[in-house]
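Shown here: entry34.cif, mmCIF, C-alpha atoms.
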```cif
data_protein
loop_
_atom_site.group_PDB
_atom_site.id
_atom_site.type_symbol
_atom_site.label_atom_id
_atom_site.label_comp_id
_atom_site.auth_asym_id
_atom_site.auth_seq_id
_atom_site.Cartn_x
_atom_site.Cartn_y
_atom_site.Cartn_z
ATOM 1 C CA MET A 149 31.550 30.618 -32.168
ATOM 2 C CA THR A 150 30.327 28.281 -34.934
ATOM 3 C CA ALA A 151 26.542 28.355 -35.274
ATOM 4 C CA LEU A 152 25.102 24.896 -34.676
ATOM 5 C CA LEU A 153 21.518 26.130 -35.072
ATOM 6 C CA GLU A 154 20.795 29.203 -37.156
ATOM 7 C CA ALA A 155 17.295 30.475 -37.901
ATOM 8 C CA ARG A 156 16.621 33.599 -39.931
ATOM 9 C CA GLY A 157 13.348 35.448 -40.495
ATOM 10 C CA VAL A 158 11.181 32.622 -39.120
ATOM 11 C CA VAL A 159 7.450 33.299 -39.453
ATOM 12 C CA LYS A 160 4.591 31.128 -38.233
ATOM 13 C CA ARG A 161 0.946 32.086 -38.689
ATOM 14 C CA PHE A 162 -2.245 30.486 -37.431
ATOM 15 C CA GLY A 163 -4.972 31.978 -39.596
ATOM 16 C CA GLY A 164 -4.824 35.735 -39.051
ATOM 17 C CA LEU A 165 -2.560 35.431 -35.988
ATOM 18 C CA THR A 166 1.198 35.760 -36.455
ATOM 19 C CA ALA A 167 2.631 33.747 -33.564
ATOM 20 C CA VAL A 168 6.293 34.029 -34.668
ATOM 21 C CA ASP A 169 7.163 37.191 -36.551
ATOM 22 C CA GLY A 170 10.492 37.257 -38.416
ATOM 23 C CA VAL A 171 12.643 35.771 -35.642
ATOM 24 C CA ASP A 172 16.418 35.472 -35.986
ATOM 25 C CA ILE A 173 18.058 33.187 -33.427
ATOM 26 C CA SER A 174 21.218 31.105 -33.268
ATOM 27 C CA VAL A 175 22.917 28.677 -30.875
ATOM 28 C CA GLY A 176 26.625 28.000 -31.084
ATOM 29 C CA THR A 177 28.334 24.656 -30.582
ATOM 30 C CA GLY A 178 28.397 23.947 -26.843
ATOM 31 C CA GLU A 179 26.529 27.173 -26.003
ATOM 32 C CA MET A 180 23.659 27.629 -23.546
ATOM 33 C CA VAL A 181 21.128 30.244 -24.665
ATOM 34 C CA GLY A 182 18.036 31.346 -22.763
ATOM 35 C CA LEU A 183 14.759 32.208 -24.484
ATOM 36 C CA ILE A 184 12.429 34.219 -22.256
ATOM 37 C CA GLY A 185 9.363 36.407 -22.643
ATOM 38 C CA PRO A 186 5.874 37.057 -21.281
ATOM 39 C CA ASN A 187 3.125 34.462 -21.562
ATOM 40 C CA GLY A 188 1.916 34.203 -25.151
ATOM 41 C CA SER A 189 5.069 35.710 -26.624
ATOM 42 C CA GLY A 190 5.630 32.773 -29.008
ATOM 43 C CA LYS A 191 8.407 30.867 -27.232
ATOM 44 C CA THR A 192 6.963 27.363 -27.459
ATOM 45 C CA THR A 193 5.680 27.966 -30.987
ATOM 46 C CA LEU A 194 9.209 28.968 -32.001
ATOM 47 C CA PHE A 195 10.480 25.740 -30.407
ATOM 48 C CA ASP A 196 7.919 23.806 -32.439
ATOM 49 C CA CYS A 197 9.191 25.499 -35.601
ATOM 50 C CA LEU A 198 12.863 24.877 -34.820
ATOM 51 C CA SER A 199 12.283 21.207 -34.002
ATOM 52 C CA ARG A 200 9.978 20.835 -37.045
ATOM 53 C CA VAL A 201 6.882 19.939 -35.075
ATOM 54 C CA GLN A 202 5.313 22.901 -36.911
ATOM 55 C CA THR A 203 5.876 23.984 -40.496
ATOM 56 C CA ILE A 204 7.003 27.568 -41.052
ATOM 57 C CA ASP A 205 5.438 30.149 -43.336
ATOM 58 C CA ALA A 206 8.665 32.011 -44.099
ATOM 59 C CA GLY A 207 12.346 32.064 -43.188
ATOM 60 C CA SER A 208 15.148 29.535 -43.004
ATOM 61 C CA ILE A 209 16.420 27.080 -40.389
ATOM 62 C CA ARG A 210 19.814 25.385 -40.598
ATOM 63 C CA PHE A 211 21.196 22.802 -38.198
ATOM 64 C CA ASP A 212 24.870 21.937 -38.403
ATOM 65 C CA GLY A 213 24.908 23.499 -41.853
ATOM 66 C CA VAL A 214 21.940 21.464 -43.132
ATOM 67 C CA ASP A 215 18.736 23.166 -44.291
ATOM 68 C CA ILE A 216 16.047 21.547 -42.128
ATOM 69 C CA ALA A 217 13.099 23.839 -42.907
ATOM 70 C CA GLY A 218 11.426 21.163 -45.012
ATOM 71 C CA ARG A 219 12.378 18.157 -42.908
ATOM 72 C CA ARG A 220 10.210 16.171 -40.532
ATOM 73 C CA ALA A 221 10.728 16.165 -36.770
ATOM 74 C CA HIS A 222 12.125 12.630 -36.543
ATOM 75 C CA ASP A 223 14.637 13.372 -39.336
ATOM 76 C CA VAL A 224 15.888 16.417 -37.426
ATOM 77 C CA ALA A 225 16.142 14.356 -34.233
ATOM 78 C CA ARG A 226 18.375 11.882 -36.046
ATOM 79 C CA LEU A 227 20.651 14.769 -37.096
ATOM 80 C CA GLY A 228 21.336 15.460 -33.411
ATOM 81 C CA MET A 229 18.616 17.819 -32.132
ATOM 82 C CA SER A 230 16.322 16.703 -29.321
ATOM 83 C CA ARG A 231 13.726 18.511 -27.242
ATOM 84 C CA THR A 232 11.540 18.342 -24.179
ATOM 85 C CA PHE A 233 8.050 19.777 -23.797
ATOM 86 C CA GLN A 234 6.333 22.232 -21.484
ATOM 87 C CA LEU A 235 4.045 19.423 -20.316
ATOM 88 C CA ILE A 236 6.237 16.531 -19.229
ATOM 89 C CA ARG A 237 6.058 13.628 -21.676
ATOM 90 C CA VAL A 238 7.068 10.289 -20.203
ATOM 91 C CA TYR A 239 5.439 6.862 -20.459
ATOM 92 C CA ARG A 240 3.845 6.782 -17.027
ATOM 93 C CA ASP A 241 2.975 3.058 -17.061
ATOM 94 C CA LEU A 242 6.521 1.987 -17.952
ATOM 95 C CA SER A 243 9.472 1.849 -15.590
ATOM 96 C CA VAL A 244 12.054 4.612 -15.477
ATOM 97 C CA ALA A 245 14.585 2.357 -17.232
ATOM 98 C CA GLU A 246 12.068 1.319 -19.911
ATOM 99 C CA ASN A 247 11.396 4.983 -20.687
ATOM 100 C CA MET A 248 15.120 5.489 -21.266
ATOM 101 C CA HIS A 249 15.472 2.373 -23.428
ATOM 102 C CA LEU A 250 12.474 3.268 -25.566
ATOM 103 C CA SER A 251 13.725 6.803 -26.219
ATOM 104 C CA ILE A 252 16.965 5.692 -27.877
ATOM 105 C CA GLN A 253 15.307 2.918 -29.878
ATOM 106 C CA TRP A 254 12.801 5.387 -31.309
ATOM 107 C CA GLY A 255 15.688 7.477 -32.589
ATOM 108 C CA SER A 256 17.856 4.698 -33.949
ATOM 109 C CA ILE A 257 15.902 1.682 -35.182
ATOM 110 C CA GLY A 258 12.311 2.697 -35.890
ATOM 111 C CA VAL A 259 8.870 1.381 -35.039
ATOM 112 C CA PRO A 260 9.019 -2.365 -35.959
ATOM 113 C CA GLN A 261 11.804 -3.108 -33.470
ATOM 114 C CA LEU A 262 10.677 -0.721 -30.714
ATOM 115 C CA PHE A 263 9.774 -3.480 -28.299
ATOM 116 C CA ALA A 264 12.602 -5.860 -29.096
ATOM 117 C CA ARG A 265 14.967 -6.707 -26.273
ATOM 118 C CA THR A 266 17.178 -3.725 -25.477
ATOM 119 C CA ASP A 267 20.844 -4.272 -26.312
ATOM 120 C CA ALA A 268 23.553 -4.192 -23.650
ATOM 121 C CA ALA A 269 25.085 -0.897 -24.845
ATOM 122 C CA THR A 270 21.721 0.862 -24.562
ATOM 123 C CA ARG A 271 21.169 -0.538 -21.060
ATOM 124 C CA ARG A 272 24.613 0.650 -19.974
ATOM 125 C CA ARG A 273 24.011 4.139 -21.356
ATOM 126 C CA ALA A 274 20.624 4.337 -19.665
ATOM 127 C CA ASP A 275 22.072 3.246 -16.328
ATOM 128 C CA GLU A 276 24.913 5.763 -16.637
ATOM 129 C CA LEU A 277 22.519 8.635 -17.353
ATOM 130 C CA LEU A 278 20.088 7.618 -14.607
ATOM 131 C CA ASP A 279 22.901 7.584 -12.058
ATOM 132 C CA PHE A 280 24.110 10.951 -13.349
ATOM 133 C CA LEU A 281 20.588 12.391 -13.029
ATOM 134 C CA LEU A 282 20.202 11.042 -9.472
ATOM 135 C CA LEU A 283 17.526 8.591 -10.626
ATOM 136 C CA GLY A 284 19.558 5.389 -10.425
ATOM 137 C CA PRO A 285 17.795 4.005 -7.328
ATOM 138 C CA LEU A 286 14.444 4.532 -9.091
ATOM 139 C CA ARG A 287 15.294 2.754 -12.350
ATOM 140 C CA HIS A 288 12.706 -0.001 -11.751
ATOM 141 C CA GLU A 289 10.046 2.377 -10.407
ATOM 142 C CA ARG A 290 6.951 3.091 -12.514
ATOM 143 C CA ALA A 291 7.468 6.536 -14.080
ATOM 144 C CA GLY A 292 3.988 7.629 -13.033
ATOM 145 C CA ASN A 293 5.013 7.278 -9.382
ATOM 146 C CA LEU A 294 7.800 9.862 -9.664
ATOM 147 C CA SER A 295 7.472 13.425 -8.435
ATOM 148 C CA GLY A 296 7.149 16.228 -10.987
ATOM 149 C CA GLY A 297 10.815 17.122 -10.625
ATOM 150 C CA GLN A 298 11.914 13.516 -10.981
ATOM 151 C CA ARG A 299 9.787 13.117 -14.118
ATOM 152 C CA ARG A 300 11.404 16.266 -15.504
ATOM 153 C CA LEU A 301 14.851 14.785 -14.850
ATOM 154 C CA LEU A 302 13.717 11.566 -16.545
ATOM 155 C CA GLU A 303 12.527 13.523 -19.586
ATOM 156 C CA ILE A 304 15.904 15.279 -19.757
ATOM 157 C CA GLY A 305 17.591 11.868 -19.552
ATOM 158 C CA MET A 306 15.429 10.580 -22.393
ATOM 159 C CA SER A 307 16.409 13.588 -24.508
ATOM 160 C CA LEU A 308 20.097 12.750 -23.932
ATOM 161 C CA MET A 309 19.938 9.035 -24.741
ATOM 162 C CA SER A 310 20.681 9.497 -28.447
ATOM 163 C CA GLU A 311 23.689 11.739 -27.683
ATOM 164 C CA PRO A 312 22.297 14.931 -29.252
ATOM 165 C CA ARG A 313 24.418 17.961 -30.016
ATOM 166 C CA LEU A 314 21.575 20.360 -29.151
ATOM 167 C CA VAL A 315 18.654 20.053 -26.727
ATOM 168 C CA LEU A 316 15.657 22.401 -26.880
ATOM 169 C CA LEU A 317 14.549 22.463 -23.244
ATOM 170 C CA ASP A 318 11.018 23.756 -22.628
ATOM 171 C CA GLU A 319 10.256 24.924 -19.064
ATOM 172 C CA ALA A 320 12.687 22.681 -17.182
ATOM 173 C CA THR A 321 11.594 24.081 -13.809
ATOM 174 C CA SER A 322 7.831 24.153 -14.415
ATOM 175 C CA GLY A 323 6.029 22.299 -11.614
ATOM 176 C CA VAL A 324 9.326 21.313 -9.996
ATOM 177 C CA ASN A 325 9.860 21.517 -6.257
ATOM 178 C CA PRO A 326 12.385 24.322 -5.579
ATOM 179 C CA SER A 327 14.625 21.818 -3.808
ATOM 180 C CA LEU A 328 15.163 20.026 -7.148
ATOM 181 C CA VAL A 329 15.704 23.109 -9.304
ATOM 182 C CA ALA A 330 19.335 23.418 -8.210
ATOM 183 C CA ASP A 331 19.905 19.729 -9.030
ATOM 184 C CA ILE A 332 18.498 20.223 -12.518
ATOM 185 C CA ALA A 333 20.738 23.258 -13.062
ATOM 186 C CA ASP A 334 23.803 21.319 -11.887
ATOM 187 C CA ARG A 335 23.041 18.400 -14.208
ATOM 188 C CA LEU A 336 22.520 20.671 -17.221
ATOM 189 C CA ARG A 337 25.705 22.601 -16.505
ATOM 190 C CA GLU A 338 27.713 19.402 -16.288
ATOM 191 C CA VAL A 339 26.258 17.959 -19.508
ATOM 192 C CA ASN A 340 27.104 21.223 -21.239
ATOM 193 C CA THR A 341 30.678 21.554 -19.989
ATOM 194 C CA GLN A 342 31.735 17.904 -20.021
ATOM 195 C CA ARG A 343 29.845 16.625 -23.062
ATOM 196 C CA GLN A 344 29.636 19.876 -25.044
ATOM 197 C CA VAL A 345 25.881 19.521 -25.509
ATOM 198 C CA ALA A 346 24.334 22.864 -26.480
ATOM 199 C CA PHE A 347 21.031 23.995 -24.951
ATOM 200 C CA LEU A 348 18.315 26.437 -25.923
ATOM 201 C CA LEU A 349 16.161 26.972 -22.833
ATOM 202 C CA VAL A 350 12.620 28.325 -22.804
ATOM 203 C CA GLU A 351 12.046 29.310 -19.202
ATOM 204 C CA HIS A 352 9.880 31.509 -16.988
ATOM 205 C CA ASN A 353 12.367 31.236 -14.126
ATOM 206 C CA VAL A 354 14.635 34.111 -15.132
ATOM 207 C CA GLN A 355 17.104 33.433 -12.315
ATOM 208 C CA PHE A 356 17.502 29.849 -13.549
ATOM 209 C CA VAL A 357 18.362 31.186 -17.015
ATOM 210 C CA ALA A 358 20.726 33.815 -15.611
ATOM 211 C CA ASP A 359 22.622 31.170 -13.640
ATOM 212 C CA LEU A 360 23.130 28.944 -16.702
ATOM 213 C CA CYS A 361 23.268 31.133 -19.802
ATOM 214 C CA GLU A 362 25.720 33.734 -21.027
ATOM 215 C CA ARG A 363 23.277 34.951 -23.679
ATOM 216 C CA VAL A 364 19.527 35.517 -23.497
ATOM 217 C CA VAL A 365 16.974 36.274 -26.233
ATOM 218 C CA VAL A 366 13.706 37.955 -25.251
ATOM 219 C CA LEU A 367 10.526 37.446 -27.298
ATOM 220 C CA ASP A 368 7.458 39.650 -27.142
ATOM 221 C CA GLN A 369 4.396 39.310 -29.380
ATOM 222 C CA GLY A 370 6.257 36.828 -31.554
ATOM 223 C CA ALA A 371 9.285 39.042 -32.296
ATOM 224 C CA VAL A 372 12.735 39.459 -30.775
ATOM 225 C CA LEU A 373 12.553 42.321 -28.299
ATOM 226 C CA ALA A 374 16.096 42.190 -26.913
ATOM 227 C CA GLU A 375 19.239 40.065 -26.850
ATOM 228 C CA GLY A 376 22.311 40.164 -24.648
ATOM 229 C CA THR A 377 23.737 38.931 -21.358
ATOM 230 C CA PRO A 378 21.262 38.159 -18.560
ATOM 231 C CA GLY A 379 22.255 41.386 -16.824
ATOM 232 C CA GLU A 380 21.721 43.459 -19.959
ATOM 233 C CA VAL A 381 18.285 42.111 -20.824
ATOM 234 C CA THR A 382 16.888 42.167 -17.276
ATOM 235 C CA GLN A 383 17.837 45.849 -16.984
ATOM 236 C CA ASP A 384 16.503 46.785 -20.436
ATOM 237 C CA PRO A 385 13.520 49.159 -19.986
ATOM 238 C CA THR A 386 11.665 47.621 -22.946
ATOM 239 C CA VAL A 387 11.980 44.157 -21.389
ATOM 240 C CA ILE A 388 10.805 45.417 -18.005
ATOM 241 C CA GLU A 389 7.790 47.036 -19.668
ATOM 242 C CA ALA A 390 6.941 43.846 -21.591
ATOM 243 C CA TYR A 391 6.952 41.797 -18.386
ATOM 244 C CA PHE A 392 5.418 44.265 -15.948
ATOM 245 C CA GLY A 393 3.782 46.965 -18.081
ATOM 246 C CA ASP A 394 4.569 50.675 -18.138
ATOM 247 C CA PRO A 395 4.919 51.782 -14.497
ATOM 248 C CA GLY A 396 3.628 55.192 -15.562
ATOM 249 C CA ASP A 397 0.253 53.686 -16.493
ATOM 250 C CA ALA A 398 -0.499 52.669 -12.921
ATOM 251 C CA GLY A 399 0.286 56.154 -11.711
ATOM 252 C CA GLU A 400 -2.153 57.767 -14.144
ATOM 253 C CA ASP A 401 -5.001 55.527 -13.002
ATOM 254 C CA ALA A 402 -4.261 55.816 -9.297
ATOM 255 C CA PRO A 403 -6.736 57.823 -7.230
#
```
As structure tokens:
Amino acid sequence: MTALLEARGVVKRFGGLTAVDGVDISVGTGEMVGLIGPNGSGKTTLFDCLSRVQTIDAGSIRFDGVDIAGRRAHDVARLGMSRTFQLIRVYRDLSVAENMHLSIQWGSIGVPQLFARTDAATRRRADELLDFLLLGPLRHERAGNLSGGQRRLLEIGMSLMSEPRLVLLDEATSGVNPSLVADIADRLREVNTQRQVAFLLVEHNVQFVADLCERVVVLDQGAVLAEGTPGEVTQDPTVIEAYFGDPGDAGEDAP
């Protein structure tokens, strides 16, 4: 599979703390890859490095064959990489439709024309995506009135407005009612299979990742601990220890 995103030896330090420690990771065209690990393992920091929100201290990052290590985040977005964030980022005082319109204009025309009248093609694309994401009936609703799961779906829709080739999806199920998790999974699966959009998913919900991804990368203390199919990594003793600790330790301390 052709590598759409390829990072090698990525290092990110904050003072004396190495948050990302020599990470190699790749995502193929149309692939869905899960990125999991304990709290504080460096997952979101790695996302920030890949999407160029953060500079890197060492290593290389290539997207679609282009060296992006020195590029700014908005330049990388225009190349076809978009992302969501662990804390949902929507414009709560704008309508659902206005959030969608604004997201594509930011990517394509720049700040001076941000609040110009949205063109017909953009409105059609927004309506199509909102219907696809089950948000069509809420298009005129203020975004701040949506549930957490609906806001997450809106954020995913905003990330798709500029027709990216890769989406970095940070904690898609965080704060989402379990009844909506299956809907989110279905929408992502369909975008992937029908539109060939690749995804790199940071996620604490391991079952969600296992249902969507054929390959999973596990981070621990900023480094890659394991990589393989969901079944392989969830049965790896080193992964189990990283998540739950050494079961032998509890036995030694038990009365």
Query raised in the report: What is the CA of Arg299 (chain A) to CA of Pro186 (chain A) distance in Å?
Result: 25.3 Å
Report task. Please evaluate the PyMOL selection byres ((chain A and resi 165-176) around 9) against the structure above and give the resulting residues as JSON, numbers by chain. Result -> {"A": [149, 150, 151, 152, 153, 154, 155, 156, 157, 158, 159, 160, 161, 162, 163, 164, 177, 178, 179, 180, 181, 188, 189, 190, 191, 193, 194, 206, 207, 314, 346, 347, 348, 365, 367, 369, 370, 371, 372]}
Query raised in the report: So how far away is CA of Val339 (chain A) from CA of Gln383 (chain A), in Å?
Result: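 Pair CA of Gln383 (chain A) / CA of Val339 (chain A) returns 29.2 Å.
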Per residue of region 330-403 of chain A within 10 Å of region 265-282 of chain A, note the shortest atom pair and the distance in Å to one decimal, counting all atoms listed in the file, and order the rows by chain and increasing residue number, as JSON lines.
```
{"residue": "A:Asp331", "atom": "CA", "partner": "A:Leu281", "partner_atom": "CA", "distance": 8.4}
{"residue": "A:Ile332", "atom": "CA", "partner": "A:Leu281", "partner_atom": "CA", "distance": 8.1}
{"residue": "A:Asp334", "atom": "CA", "partner": "A:Leu281", "partner_atom": "CA", "distance": 9.6}
{"residue": "A:Arg335", "atom": "CA", "partner": "A:Leu281", "partner_atom": "CA", "distance": 6.6}
{"residue": "A:Leu336", "atom": "CA", "partner": "A:Leu281", "partner_atom": "CA", "distance": 9.5}
{"residue": "A:Glu338", "atom": "CA", "partner": "A:Phe280", "partner_atom": "CA", "distance": 9.6}
{"residue": "A:Val339", "atom": "CA", "partner": "A:Phe280", "partner_atom": "CA", "distance": 9.6}
```
Query raised in the report: Which of these residues is nearest to Val357 (chain A), using all atoms listed in the file: A:Leu294, A:Val224, A:Leu286, A:Ala320?
Result: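 Closest residue, counting all atoms listed in the file: A:Ala320.
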Requested in this report: Find the residues around Phe195 (chain A) up to 10 Å (all atoms listed in the file counted), leave out those fewer than 6 positions away in its own chain, and share them as an MDAnalysis selection string.
Outcome: chainID A and resid 183 201:202 231:233 316:318 348:350
Report task. Record the distance separating CA of Asn325 (chain A) and CA of Gly284 (chain A), expressed in Å with one decimal. Result ->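 Between CA of Asn325 (chain A) and CA of Gly284 (chain A) the gap is 19.3 Å.
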